[in-house]
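**Student:** Dropping in work.cif, which is mmCIF, C-alpha atoms:
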data_work
#
loop_
_atom_site.label_atom_id
_atom_site.label_comp_id
_atom_site.auth_asym_id
_atom_site.auth_seq_id
_atom_site.Cartn_x
_atom_site.Cartn_y
_atom_site.Cartn_z
CA SER A 241 -27.56 35.77 18.54
CA LEU A 242 -25.60 38.80 17.35
CA LEU A 243 -26.87 38.41 13.80
CA ALA A 244 -30.43 38.18 15.09
CA LEU A 245 -29.94 41.47 16.97
CA TYR A 246 -28.44 43.04 13.85
CA SER A 247 -31.41 41.91 11.77
CA SER A 248 -34.13 42.85 14.29
CA THR A 249 -32.76 46.38 14.82
CA ALA A 250 -32.06 47.33 11.18
CA GLY A 251 -28.33 46.83 11.47
CA ASP A 252 -27.64 48.12 7.99
CA GLN A 253 -29.00 51.48 9.17
CA TRP A 254 -26.91 51.70 12.32
CA THR A 255 -24.64 54.69 12.72
CA VAL A 256 -21.75 52.24 12.77
CA SER A 257 -22.70 48.94 11.18
CA TRP A 258 -20.97 45.59 11.41
CA ASN A 259 -18.83 44.24 8.58
CA LEU A 260 -20.64 40.93 8.13
CA SER A 261 -18.03 39.79 5.64
CA THR A 262 -15.89 39.20 8.73
CA SER A 263 -17.49 36.15 10.31
CA ASN A 264 -15.71 36.55 13.63
CA PRO A 265 -17.46 39.20 15.77
CA CYS A 266 -14.40 39.37 18.00
CA ALA A 267 -12.36 40.65 15.08
CA GLY A 268 -13.45 44.24 14.95
CA TRP A 269 -17.26 44.31 15.08
CA TYR A 270 -18.22 47.69 16.56
CA GLY A 271 -19.25 47.55 20.22
CA VAL A 272 -18.38 43.88 20.64
CA SER A 273 -15.80 42.92 23.26
CA CYS A 274 -14.67 39.35 23.73
CA CYS A 275 -12.80 37.21 26.20
CA THR A 276 -11.00 33.95 25.60
CA THR A 277 -11.43 30.96 27.86
CA ASP A 278 -10.09 27.51 27.02
CA ILE A 279 -9.11 28.79 23.55
CA VAL A 280 -12.77 29.64 22.86
CA CYS A 281 -13.76 33.23 22.11
CA HIS A 282 -16.88 34.45 23.93
CA VAL A 283 -18.74 37.74 23.62
CA ALA A 284 -18.28 39.44 26.99
CA ALA A 285 -19.72 42.89 26.29
CA LEU A 286 -22.10 44.42 23.79
CA GLN A 287 -22.03 48.23 23.88
CA LEU A 288 -24.13 49.86 21.17
CA THR A 289 -25.24 53.06 22.88
CA ALA A 290 -26.56 55.83 20.59
CA ASN A 291 -26.02 53.77 17.45
CA ASN A 292 -29.46 54.16 15.80
CA LEU A 293 -30.81 50.72 16.66
CA VAL A 294 -34.47 50.63 15.58
CA GLY A 295 -36.47 47.51 16.35
CA SER A 296 -36.73 44.87 19.07
CA ILE A 297 -34.44 42.75 21.21
CA PRO A 298 -34.55 39.16 19.88
CA SER A 299 -35.19 36.32 22.31
CA SER A 300 -31.91 34.76 21.18
CA ILE A 301 -30.08 37.46 23.16
CA GLY A 302 -30.28 34.92 25.97
CA ASP A 303 -27.85 32.67 24.08
CA LEU A 304 -24.93 35.00 24.86
CA SER A 305 -24.20 32.99 27.97
CA MET A 306 -20.88 34.69 28.82
CA LEU A 307 -22.15 38.25 28.42
CA GLU A 308 -21.15 40.56 31.29
CA ALA A 309 -22.33 43.92 29.93
CA LEU A 310 -25.23 44.85 27.64
CA ASP A 311 -25.67 48.51 26.69
CA LEU A 312 -28.37 49.43 24.17
CA SER A 313 -29.09 52.88 25.65
CA PHE A 314 -30.06 55.96 23.63
CA ASN A 315 -31.58 54.10 20.71
CA ALA A 316 -35.10 53.37 19.44
CA VAL A 317 -35.42 49.83 20.73
CA MET A 318 -39.09 48.85 20.95
CA GLY A 319 -41.11 45.87 22.09
CA SER A 320 -40.68 44.06 25.36
CA ILE A 321 -37.65 42.89 27.27
CA PRO A 322 -37.49 39.17 26.38
CA SER A 323 -37.82 36.70 29.23
CA THR A 324 -34.68 34.99 27.93
CA ILE A 325 -32.70 37.90 29.37
CA GLY A 326 -32.70 35.79 32.53
CA ASN A 327 -30.37 33.29 30.85
CA LEU A 328 -27.50 35.79 30.99
CA ASP A 329 -26.36 34.64 34.40
CA MET A 330 -22.94 36.28 34.03
CA LEU A 331 -24.43 39.72 33.34
CA GLN A 332 -23.26 42.54 35.60
CA TYR A 333 -24.37 45.64 33.66
CA LEU A 334 -27.73 46.08 31.92
CA PHE A 335 -28.28 49.49 30.32
CA LEU A 336 -31.48 49.87 28.30
CA TYR A 337 -32.36 53.48 29.15
CA HIS A 338 -33.70 56.07 26.69
CA ASN A 339 -35.48 53.69 24.34
CA ALA A 340 -39.14 52.89 23.60
CA LEU A 341 -39.47 49.58 25.42
CA THR A 342 -42.98 48.48 26.36
CA GLY A 343 -44.51 45.64 28.33
CA SER A 344 -43.51 44.55 31.80
CA ILE A 345 -40.20 43.68 33.37
CA PRO A 346 -39.96 39.88 33.09
CA SER A 347 -39.83 37.90 36.33
CA THR A 348 -36.75 36.13 34.95
CA ILE A 349 -34.82 39.32 35.69
CA GLY A 350 -34.33 37.79 39.13
CA ASP A 351 -32.11 35.11 37.63
CA LEU A 352 -29.37 37.68 36.96
CA THR A 353 -27.70 37.09 40.30
CA MET A 354 -24.44 38.75 39.23
CA LEU A 355 -26.15 41.97 38.15
CA GLN A 356 -24.82 45.20 39.67
CA TYR A 357 -26.47 47.84 37.46
CA LEU A 358 -30.08 47.70 36.23
CA ILE A 359 -30.71 50.96 34.40
CA VAL A 360 -33.89 51.02 32.30
CA TYR A 361 -35.26 54.54 32.79
CA SER A 362 -37.01 56.67 30.15
CA ASN A 363 -38.94 53.96 28.37
CA ALA A 364 -42.65 53.06 28.27
CA LEU A 365 -42.61 50.01 30.53
CA THR A 366 -45.86 49.07 32.26
CA GLY A 367 -47.04 46.45 34.71
CA SER A 368 -45.81 45.85 38.23
CA LEU A 369 -42.35 45.25 39.55
CA PRO A 370 -41.72 41.49 39.82
CA SER A 371 -41.05 40.24 43.35
CA THR A 372 -38.06 38.37 41.93
CA ILE A 373 -36.23 41.68 41.76
CA GLY A 374 -35.29 40.95 45.36
CA ASP A 375 -33.13 38.05 44.15
CA LEU A 376 -30.56 40.46 42.68
CA SER A 377 -28.29 40.22 45.71
CA MET A 378 -25.35 41.98 44.01
CA LEU A 379 -27.36 44.92 42.69
CA GLN A 380 -25.97 48.38 43.51
CA PHE A 381 -27.90 50.69 41.16
CA LEU A 382 -31.59 50.31 40.29
CA GLU A 383 -33.00 53.09 38.10
CA LEU A 384 -36.43 52.58 36.53
CA TYR A 385 -37.74 56.15 36.52
CA SER A 386 -39.83 57.80 33.80
CA ASN A 387 -41.80 54.74 32.77
CA GLY A 388 -45.43 53.72 33.34
CA LEU A 389 -44.90 51.11 36.04
CA THR A 390 -47.94 50.36 38.19
CA GLY A 391 -48.77 48.32 41.27
CA SER A 392 -47.03 48.32 44.61
CA ILE A 393 -43.35 48.13 45.45
CA PRO A 394 -42.65 44.49 46.43
CA SER A 395 -41.45 43.90 49.98
CA THR A 396 -38.59 41.87 48.51
CA ILE A 397 -36.95 45.18 47.61
CA GLY A 398 -35.50 45.01 51.11
CA ASP A 399 -33.39 42.01 50.11
CA LEU A 400 -31.13 44.17 47.93
CA SER A 401 -28.53 44.53 50.65
CA MET A 402 -25.87 46.01 48.33
CA LEU A 403 -28.13 48.70 46.83
CA GLN A 404 -26.78 52.25 46.85
CA THR A 405 -29.19 54.03 44.49
CA LEU A 406 -32.94 53.40 44.10
CA VAL A 407 -34.75 55.63 41.60
CA PHE A 408 -38.43 55.03 40.78
CA PHE A 409 -39.75 58.57 40.24
CA SER A 410 -42.28 59.46 37.51
CA ASN A 411 -44.15 56.18 37.36
CA VAL A 412 -47.69 55.26 38.50
CA LEU A 413 -46.71 53.17 41.53
CA THR A 414 -49.40 52.70 44.19
CA GLY A 415 -49.64 51.29 47.70
CA SER A 416 -47.38 52.13 50.58
CA LEU A 417 -43.64 52.15 50.98
CA PRO A 418 -42.77 48.69 52.33
CA SER A 419 -41.25 48.67 55.80
CA THR A 420 -38.49 46.47 54.39
CA ILE A 421 -37.07 49.59 52.75
CA GLY A 422 -35.24 50.04 56.04
CA ASP A 423 -33.17 46.93 55.34
CA LEU A 424 -31.24 48.70 52.58
CA SER A 425 -28.33 49.56 54.83
CA MET A 426 -26.07 50.71 51.96
CA LEU A 427 -28.64 53.02 50.36
CA GLN A 428 -27.53 56.60 49.68
CA TYR A 429 -30.11 57.87 47.18
CA LEU A 430 -33.86 57.17 47.33
CA TYR A 431 -36.11 58.83 44.76
CA MET A 432 -39.79 57.81 44.83
CA ASP A 433 -41.34 61.16 43.91
CA SER A 434 -44.08 61.74 41.33
CA ASN A 435 -45.99 58.50 41.83
CA THR A 436 -49.31 57.79 43.57
CA LEU A 437 -47.97 56.20 46.75
CA THR A 438 -50.28 56.17 49.75
CA GLY A 439 -50.05 55.26 53.44
CA SER A 440 -47.52 56.54 55.90
CA ILE A 441 -43.76 56.83 55.74
CA PRO A 442 -42.50 53.70 57.56
CA SER A 443 -40.54 54.30 60.75
CA THR A 444 -37.88 51.96 59.37
CA ILE A 445 -36.81 54.81 57.08
CA GLY A 446 -34.65 55.83 60.02
CA ASP A 447 -32.54 52.70 59.59
CA LEU A 448 -31.04 54.03 56.35
CA SER A 449 -27.94 55.38 58.05
CA MET A 450 -26.09 56.05 54.77
CA LEU A 451 -28.95 57.95 53.12
CA GLN A 452 -28.12 61.36 51.61
CA TYR A 453 -31.12 62.08 49.36
CA LEU A 454 -34.75 61.30 50.22
CA ASP A 455 -37.32 62.40 47.65
CA LEU A 456 -40.93 61.39 48.29
CA TYR A 457 -42.68 64.52 47.03
CA SER A 458 -45.75 64.56 44.78
CA ASN A 459 -47.43 61.42 46.10
CA ALA A 460 -50.47 60.89 48.35
CA LEU A 461 -48.66 59.99 51.57
CA THR A 462 -50.56 60.42 54.83
CA GLY A 463 -49.80 60.20 58.54
CA SER A 464 -47.00 61.97 60.32
CA ILE A 465 -43.32 62.31 59.57
CA PRO A 466 -41.74 59.54 61.69
CA SER A 467 -39.50 60.70 64.52
CA THR A 468 -36.91 58.18 63.31
CA ILE A 469 -36.14 60.57 60.46
CA GLY A 470 -33.74 62.14 62.95
CA ASN A 471 -31.52 59.06 62.76
CA LEU A 472 -30.48 60.01 59.22
CA SER A 473 -27.30 61.80 60.20
CA MET A 474 -25.96 61.75 56.62
CA LEU A 475 -29.11 63.19 55.02
CA GLN A 476 -28.59 66.31 52.90
CA TYR A 477 -31.79 66.60 50.87
CA LEU A 478 -35.29 65.88 52.19
CA TYR A 479 -38.26 66.57 49.91
CA LEU A 480 -41.71 65.62 51.17
CA TYR A 481 -43.85 68.37 49.63
CA TRP A 482 -47.14 67.82 47.76
CA ASN A 483 -48.43 65.01 49.95
CA ALA A 484 -51.12 64.83 52.64
CA LEU A 485 -48.88 64.54 55.71
CA THR A 486 -50.26 65.68 59.06
CA GLY A 487 -48.97 66.40 62.56
CA PRO A 488 -45.87 68.30 63.58
CA ILE A 489 -42.41 68.28 62.10
CA PRO A 490 -40.60 66.05 64.62
CA SER A 491 -38.07 67.78 66.83
CA THR A 492 -35.73 64.87 66.14
CA ILE A 493 -35.05 66.49 62.77
CA SER A 494 -32.15 68.09 64.63
CA GLY A 495 -30.37 64.77 64.24
CA CYS A 496 -30.09 65.43 60.49
CA ALA A 497 -26.96 67.49 61.02
CA GLN A 498 -25.97 67.47 57.33
CA LEU A 499 -29.34 68.67 56.05
CA VAL A 500 -29.02 71.34 53.34
CA TYR A 501 -32.42 71.34 51.60
CA PHE A 502 -35.71 70.62 53.38
CA ASP A 503 -39.17 71.08 51.85
CA VAL A 504 -42.42 69.86 53.42
CA SER A 505 -44.72 72.48 51.89
CA SER A 506 -48.17 71.68 50.51
CA ASN A 507 -49.06 69.20 53.25
CA TYR A 508 -51.31 69.49 56.31
CA LEU A 509 -48.57 69.80 58.90
CA SER A 510 -48.96 71.89 62.03
CA ARG A 511 -47.35 75.27 61.80
CA SER A 512 -44.86 74.83 64.60
CA ILE A 513 -41.28 74.62 63.34
CA PRO A 514 -38.61 72.91 65.46
CA GLU A 515 -35.84 75.20 66.68
CA ALA A 516 -33.32 73.01 64.86
CA LEU A 517 -34.65 74.41 61.58
#
Represent the structure from my file as structure tokens, please.
**Tutor:**
Amino acid sequence: SLLALYSSTAGDQWTVSWNLSTSNPCAGWYGVSCCTTDIVCHVAALQLTANNLVGSIPSSIGDLSMLEALDLSFNAVMGSIPSTIGNLDMLQYLFLYHNALTGSIPSTIGDLTMLQYLIVYSNALTGSLPSTIGDLSMLQFLELYSNGLTGSIPSTIGDLSMLQTLVFFSNVLTGSLPSTIGDLSMLQYLYMDSNTLTGSIPSTIGDLSMLQYLDLYSNALTGSIPSTIGNLSMLQYLYLYWNALTGPIPSTISGCAQLVYFDVSSNYLSRSIPEAL
């Protein structure tokens, strides 16, 4: 599996190459960390960030059954994410950001039930988000911004009960924000700006009691700002500008006692401003 990765990403041109004369990857291969169980050495982490990898991820990556961390960020990795990635059922950290990955996120991503970090921003991914993403019950950080993802946000996103950060900005996502977004009780950062989202902001947004940042600007959202926004007592940044929102700014905004930055310009809101602002 490691040799296949080396071959498919021009390993001899890496910034730090592997000494293939040493057959044991656990004996000094750059970026390879191992653990020993039952006197057997397993690759536990593969960290090759900014190491001039040029090429694709081989399907045999799924054979690294004990892998807990995979970091190929800041390289020139192309092609699609192989569906065999779902075989890495011990994986906790997946960092593929700042590459040139194309294609869609495979539905098998939902098999990574130990995953805590899924960071794949700044690529050229397309297609819709698989509904299986909701199976990642341990996920805390989901960052897929600056890609070309399309389609709607699956309602299963609400099943990510451990999620703290959700960043989808600068894609081509359509449809409305699912009401299940309110089930993310641990969420602190929500960035959905610079997409083509439509419909109204769900009233369940007010259930995100831990939320500090809410960025929904530069979409095509309609309807009024829900009064439940006032339940967000921890909110510090609220950006809703460049949408098509109507109606008044709810007086309940006074409940956002920690609010520091608030921008609802370039909408169709009534001109009355609550005293709390």
**Student:** Counting all atoms listed in the file, which residue out of A:Ser263, A:Ser368, A:Ser401, A:Thr438 sits closest to Tyr457 in chain A?
**Tutor:**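 Result for the nearest residue to Tyr457 in chain A: A:Thr438.
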**Student:** Which one of A:Asp303, A:Leu389, A:Asp375, A:Tyr333 sits closest to Ser241 in chain A if you count all atoms listed in the file?
**Tutor:**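 Once distances to Ser241 in chain A are computed over all atoms listed in the file, the minimum belongs to A:Asp303.
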**Student:** Could you check the closest approach to Ser377 in chain A for each of A:Leu312, A:Leu245, A:Met402, A:Leu341 and tell me which residue wins, using only C-alpha atoms?
**Tutor:**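 Nearest candidate to Ser377 in chain A out of A:Leu312, A:Leu245, A:Met402, A:Leu341: A:Met402.
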**Student:** Find, counting only C-alpha atoms, the residue in A:Ser305, A:Thr255, A:Asn264, A:Ser344 that gets nearest to Thr366 in chain A.
**Tutor:**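 So, comparing all the options, the nearest one is A:Ser344.
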**Student:** Starting from the displayed file, determine the output of the PyMOL selection byres ((chain A and resi 299) around 9) and express the residue list as a list in words.
**Tutor:**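 Here the PyMOL selection byres ((chain A and resi 299) around 9) matches Ser241, Ala244, Ile297, Pro298, Ser300, Ile301, Gly302, Asp303, Ile321, Pro322, Ser323, Thr324 and Ile325 of chain A.
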